[in-house]
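A quick write-up on the structure given underneath.
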Amino acid sequence: MQSRYQQVQEQIAAAAACAKRDPATITLVAVTKTWPVETILAAYQAGMRHFGENRVEELADKVPAVSQALGPDHGITWHLIGNLQSRKTSAAAQYADFFHALDRLKIAYRLSDQLQASGRTLPVLLEVNISGEASKAGFAVDRWEEDEKQRTEIRNAAALISQLPGLQLRGLMTMAPWDVPDEQIRPVFRRTRELAHWLQEQLPQVNFTQLSMGMTDDFSLAVEEGATHIRVGRAIFGERGN
Ligand SMILES: *Cc1c(COP(=O)(O)O)cnc(C)c1O
């Protein structure tokens, strides 16, 4: 794991250099879904401090177990990277430090209320479906450049979400299509960055600076196209058994 981790860091540095970016502006989120707490503790010993889970139940199991093992000052940031169903927002409000996959207003309202009740705030990213694949979650923005309705919808959603006291809107998250050539992946990341830029112009009071994009197979491309958070599992931990 240590050498794989080092290799990923080297690849991030190379991609950042290619794009004339400072690698320190890129957060590597180690995706530990399906791996046991022992794996997370080993990753912690290897120096990792940002961990990502896609299922909130798994997050809710692991956060207390890791805290118990490491004590309260562990300095870990827990990223919830998968979509939420509305009846599961309270666990997210309790255990997540950063939520990458906000895809509906209803979830935003519930989360904000629950966070407010517990005196917390949660940084969030809006998940956007840039590729238009039916299997993908997120705000529909596959034609945002030419479709005014899509633009208006996400702008209005972002404006509303930015007003919610429990949430801190920070930017966008996207998933690239699987098993397609790089020439089809790069535009997904580039168009996500451009959409964030457009939203920033439309809503100057809101922060759209963070971009969560890139996984094991495509994180170098994502870094070249401006990712600030990459979510990497297999490249660090190997294939998941499931
Ligand atoms: C599993 C997962 C990842 C990491 O995928 P790898 O291919 O293992 O790097 C990233 N993002 C999300 C939303 C995931 O569910």
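Labels used: A, B, ... for chains in the order of the structure tokens, numbers from 1 for residues in each chain, and numbers from 1 for ligands as shown.
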For Asp113 (chain A), please output as a count of residues only all residues within 9 Å (counting only C-alpha atoms; exclusion window: fewer than 6 positions along the same chain). 3
Mind checking DSSP for chain A and telling me the helix (DSSP H, G or I) residues as a PDB file with C-alpha atoms, in the first residue's frame?
```
ATOM      1  CA  GLN A   2       2.832   2.385   0.910  1.00  0.00           C
ATOM      2  CA  SER A   3       4.508   2.048  -2.494  1.00  0.00           C
ATOM      3  CA  ARG A   4       1.221   2.262  -4.402  1.00  0.00           C
ATOM      4  CA  TYR A   5       0.366   5.388  -2.428  1.00  0.00           C
ATOM      5  CA  GLN A   6       3.738   6.876  -3.273  1.00  0.00           C
ATOM      6  CA  GLN A   7       3.237   6.033  -6.935  1.00  0.00           C
ATOM      7  CA  VAL A   8      -0.140   7.791  -6.987  1.00  0.00           C
ATOM      8  CA  GLN A   9       1.439  10.859  -5.384  1.00  0.00           C
ATOM      9  CA  GLU A  10       4.143  10.839  -8.054  1.00  0.00           C
ATOM     10  CA  GLN A  11       1.533  10.615 -10.805  1.00  0.00           C
ATOM     11  CA  ILE A  12      -0.350  13.537  -9.281  1.00  0.00           C
ATOM     12  CA  ALA A  13       2.859  15.567  -9.188  1.00  0.00           C
ATOM     13  CA  ALA A  14       3.621  14.717 -12.820  1.00  0.00           C
ATOM     14  CA  ALA A  15       0.125  15.663 -14.005  1.00  0.00           C
ATOM     15  CA  ALA A  16       0.238  18.864 -11.962  1.00  0.00           C
ATOM     16  CA  ALA A  17       3.606  19.785 -13.469  1.00  0.00           C
ATOM     17  CA  CYS A  18       2.178  19.154 -16.930  1.00  0.00           C
ATOM     18  CA  PRO A  23       0.421  19.681  -6.436  1.00  0.00           C
ATOM     19  CA  ALA A  24      -0.264  20.987  -2.919  1.00  0.00           C
ATOM     20  CA  THR A  25      -3.604  22.332  -4.233  1.00  0.00           C
ATOM     21  CA  VAL A  37     -11.031  -0.491   9.586  1.00  0.00           C
ATOM     22  CA  GLU A  38      -7.615  -2.200   9.790  1.00  0.00           C
ATOM     23  CA  THR A  39      -6.899  -1.083   6.228  1.00  0.00           C
ATOM     24  CA  ILE A  40      -7.796   2.487   7.135  1.00  0.00           C
ATOM     25  CA  LEU A  41      -5.505   2.363  10.159  1.00  0.00           C
ATOM     26  CA  ALA A  42      -2.650   1.057   7.988  1.00  0.00           C
ATOM     27  CA  ALA A  43      -3.332   3.844   5.473  1.00  0.00           C
ATOM     28  CA  TYR A  44      -3.240   6.333   8.323  1.00  0.00           C
ATOM     29  CA  GLN A  45       0.174   5.015   9.364  1.00  0.00           C
ATOM     30  CA  VAL A  56     -23.254   6.501   4.476  1.00  0.00           C
ATOM     31  CA  GLU A  57     -23.944   3.336   6.524  1.00  0.00           C
ATOM     32  CA  GLU A  58     -20.348   2.279   6.022  1.00  0.00           C
ATOM     33  CA  LEU A  59     -19.143   5.750   6.953  1.00  0.00           C
ATOM     34  CA  ALA A  60     -21.235   5.653  10.129  1.00  0.00           C
ATOM     35  CA  ASP A  61     -19.671   2.308  11.087  1.00  0.00           C
ATOM     36  CA  LYS A  62     -16.084   3.290  10.366  1.00  0.00           C
ATOM     37  CA  VAL A  63     -15.841   6.828  11.753  1.00  0.00           C
ATOM     38  CA  PRO A  64     -16.435   5.851  15.402  1.00  0.00           C
ATOM     39  CA  ALA A  65     -14.256   2.735  15.089  1.00  0.00           C
ATOM     40  CA  VAL A  66     -11.326   4.707  13.674  1.00  0.00           C
ATOM     41  CA  SER A  67     -11.751   7.452  16.280  1.00  0.00           C
ATOM     42  CA  GLN A  68     -11.708   4.859  19.000  1.00  0.00           C
ATOM     43  CA  ALA A  69      -8.495   3.350  17.662  1.00  0.00           C
ATOM     44  CA  LEU A  70      -6.672   6.643  17.095  1.00  0.00           C
ATOM     45  CA  SER A  86     -33.273  11.466   1.975  1.00  0.00           C
ATOM     46  CA  ARG A  87     -34.004   9.085   4.840  1.00  0.00           C
ATOM     47  CA  LYS A  88     -30.254   8.706   5.431  1.00  0.00           C
ATOM     48  CA  THR A  89     -29.276  12.347   5.694  1.00  0.00           C
ATOM     49  CA  SER A  90     -28.970  12.333   9.490  1.00  0.00           C
ATOM     50  CA  ALA A  91     -26.034   9.897   9.456  1.00  0.00           C
ATOM     51  CA  ALA A  92     -24.322  12.079   6.866  1.00  0.00           C
ATOM     52  CA  ALA A  93     -24.965  15.171   8.976  1.00  0.00           C
ATOM     53  CA  GLN A  94     -23.372  13.405  11.916  1.00  0.00           C
ATOM     54  CA  TYR A  95     -20.361  11.693  10.355  1.00  0.00           C
ATOM     55  CA  LEU A 105     -32.567  20.222  -3.264  1.00  0.00           C
ATOM     56  CA  LYS A 106     -34.586  17.990  -0.987  1.00  0.00           C
ATOM     57  CA  ILE A 107     -31.392  16.432   0.355  1.00  0.00           C
ATOM     58  CA  ALA A 108     -29.858  19.870   0.810  1.00  0.00           C
ATOM     59  CA  TYR A 109     -32.800  21.128   2.888  1.00  0.00           C
ATOM     60  CA  ARG A 110     -32.849  18.078   5.122  1.00  0.00           C
ATOM     61  CA  LEU A 111     -29.093  18.087   5.639  1.00  0.00           C
ATOM     62  CA  SER A 112     -29.032  21.778   6.449  1.00  0.00           C
ATOM     63  CA  ASP A 113     -31.805  21.435   9.039  1.00  0.00           C
ATOM     64  CA  GLN A 114     -30.111  18.478  10.712  1.00  0.00           C
ATOM     65  CA  LEU A 115     -26.691  20.127  10.688  1.00  0.00           C
ATOM     66  CA  GLN A 116     -28.090  23.308  12.132  1.00  0.00           C
ATOM     67  CA  ALA A 117     -29.762  21.384  14.935  1.00  0.00           C
ATOM     68  CA  GLU A 148     -30.558  27.642 -21.172  1.00  0.00           C
ATOM     69  CA  LYS A 149     -33.021  25.585 -19.148  1.00  0.00           C
ATOM     70  CA  GLN A 150     -30.233  23.371 -17.800  1.00  0.00           C
ATOM     71  CA  ARG A 151     -28.132  26.399 -16.942  1.00  0.00           C
ATOM     72  CA  THR A 152     -30.986  28.145 -15.187  1.00  0.00           C
ATOM     73  CA  GLU A 153     -31.861  25.056 -13.204  1.00  0.00           C
ATOM     74  CA  ILE A 154     -28.404  24.485 -11.775  1.00  0.00           C
ATOM     75  CA  ARG A 155     -27.824  28.174 -11.180  1.00  0.00           C
ATOM     76  CA  ASN A 156     -31.082  28.456  -9.233  1.00  0.00           C
ATOM     77  CA  ALA A 157     -30.338  25.303  -7.256  1.00  0.00           C
ATOM     78  CA  ALA A 158     -26.863  26.602  -6.420  1.00  0.00           C
ATOM     79  CA  ALA A 159     -28.267  29.970  -5.353  1.00  0.00           C
ATOM     80  CA  LEU A 160     -30.778  28.298  -3.018  1.00  0.00           C
ATOM     81  CA  ILE A 161     -28.245  25.866  -1.581  1.00  0.00           C
ATOM     82  CA  SER A 162     -25.744  28.646  -0.963  1.00  0.00           C
ATOM     83  CA  ASP A 182      -9.197   9.533 -22.903  1.00  0.00           C
ATOM     84  CA  GLU A 183     -10.440  11.788 -25.713  1.00  0.00           C
ATOM     85  CA  GLN A 184     -13.960  11.290 -24.360  1.00  0.00           C
ATOM     86  CA  ILE A 185     -13.032  11.621 -20.695  1.00  0.00           C
ATOM     87  CA  ARG A 186     -11.060  14.838 -20.888  1.00  0.00           C
ATOM     88  CA  PRO A 187     -14.000  16.933 -22.188  1.00  0.00           C
ATOM     89  CA  VAL A 188     -16.150  15.745 -19.258  1.00  0.00           C
ATOM     90  CA  PHE A 189     -13.606  17.175 -16.824  1.00  0.00           C
ATOM     91  CA  ARG A 190     -12.961  20.295 -18.882  1.00  0.00           C
ATOM     92  CA  ARG A 191     -16.690  21.041 -19.243  1.00  0.00           C
ATOM     93  CA  THR A 192     -17.182  20.560 -15.495  1.00  0.00           C
ATOM     94  CA  ARG A 193     -14.451  23.114 -14.825  1.00  0.00           C
ATOM     95  CA  GLU A 194     -16.032  25.513 -17.336  1.00  0.00           C
ATOM     96  CA  LEU A 195     -19.432  25.087 -15.714  1.00  0.00           C
ATOM     97  CA  ALA A 196     -17.949  25.914 -12.306  1.00  0.00           C
ATOM     98  CA  HIS A 197     -16.390  28.983 -13.864  1.00  0.00           C
ATOM     99  CA  TRP A 198     -19.715  30.041 -15.393  1.00  0.00           C
ATOM    100  CA  LEU A 199     -21.522  29.530 -12.071  1.00  0.00           C
ATOM    101  CA  GLN A 200     -18.854  31.592 -10.347  1.00  0.00           C
ATOM    102  CA  GLU A 201     -19.526  34.464 -12.751  1.00  0.00           C
ATOM    103  CA  GLN A 202     -23.269  34.141 -12.264  1.00  0.00           C
ATOM    104  CA  PHE A 219      -7.098  11.001 -12.135  1.00  0.00           C
ATOM    105  CA  SER A 220      -4.121  12.276 -14.149  1.00  0.00           C
ATOM    106  CA  LEU A 221      -6.469  13.698 -16.786  1.00  0.00           C
ATOM    107  CA  ALA A 222      -8.608  15.208 -14.032  1.00  0.00           C
ATOM    108  CA  VAL A 223      -5.587  16.896 -12.442  1.00  0.00           C
ATOM    109  CA  GLU A 224      -4.602  18.308 -15.820  1.00  0.00           C
ATOM    110  CA  ARG A 234      -7.972   0.723  -6.411  1.00  0.00           C
ATOM    111  CA  ALA A 235      -4.713   2.441  -7.299  1.00  0.00           C
ATOM    112  CA  ILE A 236      -3.891   2.621  -3.582  1.00  0.00           C
ATOM    113  CA  PHE A 237      -5.552  -0.445  -2.082  1.00  0.00           C
TER     114      PHE A 237
END
```
Mind giving me the straight-line distance from CA of Val128 (chain A) to CA of Met48 (chain A) in Å, one decimal? 27.2 Å
Within 12 Å of ligand 1, counting only C-alpha atoms and all ligand atoms, residues as an MDAnalysis selection string: chainID A and resid 8 28:35 51:56 79:84 99:102 127 136:138 173:179 212:220 229:242
Tell me, in Å to one decimal, how far CA of Asn129 (chain A) is from CA of Val141 (chain A).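 One can read the CA of Asn129 (chain A) to CA of Val141 (chain A) distance as 5.8 Å.
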Write down as a ChimeraX atom specification the residues belonging to region 51-223 of chain A that are assigned strand (DSSP E or B) by DSSP computed on the backbone. /A:51-53,77-80,98-102,122-129,139-140,167-173,210-212
If I take CA of Pro36 (chain A) and CA of Gln85 (chain A), how far is one from the other in Å, to one decimal? 23.6 Å
Leu167 (chain A) environment, 6 Å, only C-alpha atoms, sequence neighbours closer than 5 positions dropped, as an MDAnalysis selection string: chainID A and resid 112 121:123
Output the selection as a compact mmCIF listing (two decimals), in the first residue's frame - N, CA, C and O atoms for each residue.
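Saved to result-v6.txt:
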```
# COMPACT_ATOMS: atom_id res chain seq x y z
N SER A 112 -29.26 20.49 5.80
CA SER A 112 -29.03 21.78 6.45
C SER A 112 -29.77 21.86 7.78
O SER A 112 -29.21 22.29 8.79
N THR A 121 -21.59 22.70 10.39
CA THR A 121 -21.80 23.02 8.97
C THR A 121 -21.00 22.02 8.15
O THR A 121 -20.01 21.46 8.62
N LEU A 122 -21.46 21.78 6.93
CA LEU A 122 -20.84 20.77 6.08
C LEU A 122 -20.50 21.37 4.72
O LEU A 122 -21.39 21.87 4.03
N PRO A 123 -19.22 21.32 4.33
CA PRO A 123 -18.87 21.72 2.96
C PRO A 123 -19.46 20.71 1.97
O PRO A 123 -19.37 19.50 2.21
```
